[in-house]
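Notes for the one structure printed next.
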Amino acid sequence: MKDKSSIPDNLLSIADPIQQSPHPTPETGFFSKIFKGDKVIWSVFIILTIISLIEVFSSTSTIVYRQQNHWGPILRHATFLLGGVGVILFMHNVPYKYFSSFIFVLFASVILLLLTPFLGETINGADRWIKIMGISIQPSEIAKISLMGTIAFLLSRQNNKNEKILFKWMIGLMLGVSFIIAIDNLSTAMLLFFVCFVLMFIGNVKIMRLVKVALLGLAGIVIIILLLKIIPTPSSEKGVLKRLATWQSRIDEFSSSNGIEDEGSYYQITDKNFQVAHSKIAIANGGVFGKFPGNSKERDFLPQAYSDFIYSIILEEMGLLGGTVVLILYIIILMRAGKIAQKTDKLFPKYLILGSALMLAMQAFVNMAVAVNLIPVTGQPLPLISRGGTSTLITCAYFGIILSADRFGKCKKKTEVSSTANVEVINIDYMEQESDEESKEEEAIEKSVVHEEYSSGIEFEVIKA
């Protein structure tokens, strides 16, 4: 075959389409290779991390005074945040299909939850931590993420034949795990059950079944409140019911602070309204633009200023403007997760994304509502911003799940052959004519060779019979 340059232009209809119209390859830098997945989620994570470092450093004055170590609290928090980044980098490189093993993590966390009242540590009057090899772990946080992942997996497997049995399994797991957590952490149990319930609603579980569960849940809440009013306080201060006294005081405090009282008693700070009163003072001090980081006064008076009430410190130091920015960041997580879920073609990653975003956003909304006294004190930290250990790592794991499902769960478009193949369309008649000419040349060469070899020096005899 001759070179392409010798073939007339009108004989090639398509020639090397890739070379004629090259497709530019996306630029890949160092950070793009490491920080993969949705850039908006990564941006929100980085902003929340920066806010966390600033506010935790500012609000841990009481710990600094108690430990006599100025850099100790912030170094500890920075270490957990750095470990959380490692968790994200690991999880967002793991395909989402492996998260179906959350069911085994759930069983392990339930065992730890059952052992915590007997082998756990009591911090702030609650047995929520258990030490394993010298490391304090909060099993309820592990149970939260594993139950959410398990519900997402079961929802992705339901169909017309097995939806009834899977519904029973989901409700049974939700009730069982929530009940065990509620013994020492009622707010976490209610938050977990609510998020899983919303996830079931998104997962197209029959509405009548969900209505029945909702009615039973409301009836259970009413019964719990009535029991808190009926059970005498002295009997709820010991044994398994020792957390009932805390729930009773928080509900009484919230109802009394929103009741009609005279002006003198309303502005009086007591042991019952100590947290809420100083939280309101912090918010009032902040105004619109705040006192700027490091200038908070209520951080020295507000209990758990670096954890449960860190949003109050944010409002004091960054003002209403900064508090609104933080609120918008969690709304962006929720909205962006919904957009990412629309791009996935599989149900399991879709539910993982939505469940993780709901857990982060709902917990943040609960923390903010407590800070502004919209609901009773719950003890829920502000995700990623509050000082914590296990909660910080698990919060980062939610981000890792979203990024993993975003990377491995997107719809893959089929590429056309014409955009990747090197195709030549050549005139067949021209090729046949060319081959005929080549064959004639070969025959002429053969004849000339035979004539030269046998024309002289050989005699032929014809023998007749």
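Each chain in the structure tokens gets a letter, A, B and so on, in the order shown; residues start at 1 in every chain, and ligands are counted from 1 in the order they appear.
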Identify, on the basis of only C-alpha atoms, every residue whose closest approach to range 104-118 of chain A does not exceed 12 Å; exclude the query and any residue fewer than 2 positions from it along the same chain; express the result as number ranges by chain. A: 98-102, 120-123, 125-132, 136-151, 173-174, 176-185, 239-243
12 Å contact set for Leu358 in chain A, only C-alpha atoms, chain neighbours under 5 positions out, as a count of residues only: 34
For range 372-406 of chain A against range 70-82 of chain A, with a cut-off of 8 Å and counting only C-alpha atoms, what is the closest atom pair and its distance in Å to one decimal for every residue that makes the cut, ordered by chain and number, as a tab-separated table?
residue	atom	partner	partner_atom	distance
A:Arg387	CA	A:His77	CA	6.3
A:Gly388	CA	A:His77	CA	7.0
A:Gly389	CA	A:Phe80	CA	6.2
A:Thr392	CA	A:Phe80	CA	6.8
A:Leu393	CA	A:Phe80	CA	6.9
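Compared by their closest atoms to Leu384 in chain A, and using only C-alpha atoms, the residues A:Ser156, A:Ser43, A:Ser307, A:Ser58 rank with A:Ser307 nearest.
The interatomic distance for the pair CA of Val213 in chain A and CA of Leu166 in chain A works out to 14.7 Å.
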At what distance in Å, to one decimal, does CA of Lys346 in chain A lie from CA of Phe408 in chain A?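 Calculated distance between CA of Phe408 in chain A and CA of Lys346 in chain A is 9.8 Å.
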Which polymer residues have any atom within 12 Å of an atom of Val325 in chain A, counting only C-alpha atoms, with same-chain residues fewer than 6 positions away left out, as a ChimeraX atom specification? /A:44,47-48,51,289,311,314-315,318-319,331-332
Report the distance between CA of Gly322 in chain A and CA of Gln275 in chain A in Å, rounded to one decimal place.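 These atoms are spaced 21.6 Å apart.
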Can you list, as a PyMOL selection string, all residues belonging to range 39-178 of chain A that DSSP tags as strand (DSSP E)? chain A and resi 121-123+126-132+135-137
Need to verify the contact set: Leu321 in chain A, 12 Å, only C-alpha atoms, exclusion of same-chain residues closer than 2 positions in sequence. Can you return it as a PyMOL selection string? chain A and resi 283+286-292+314-319+323-328
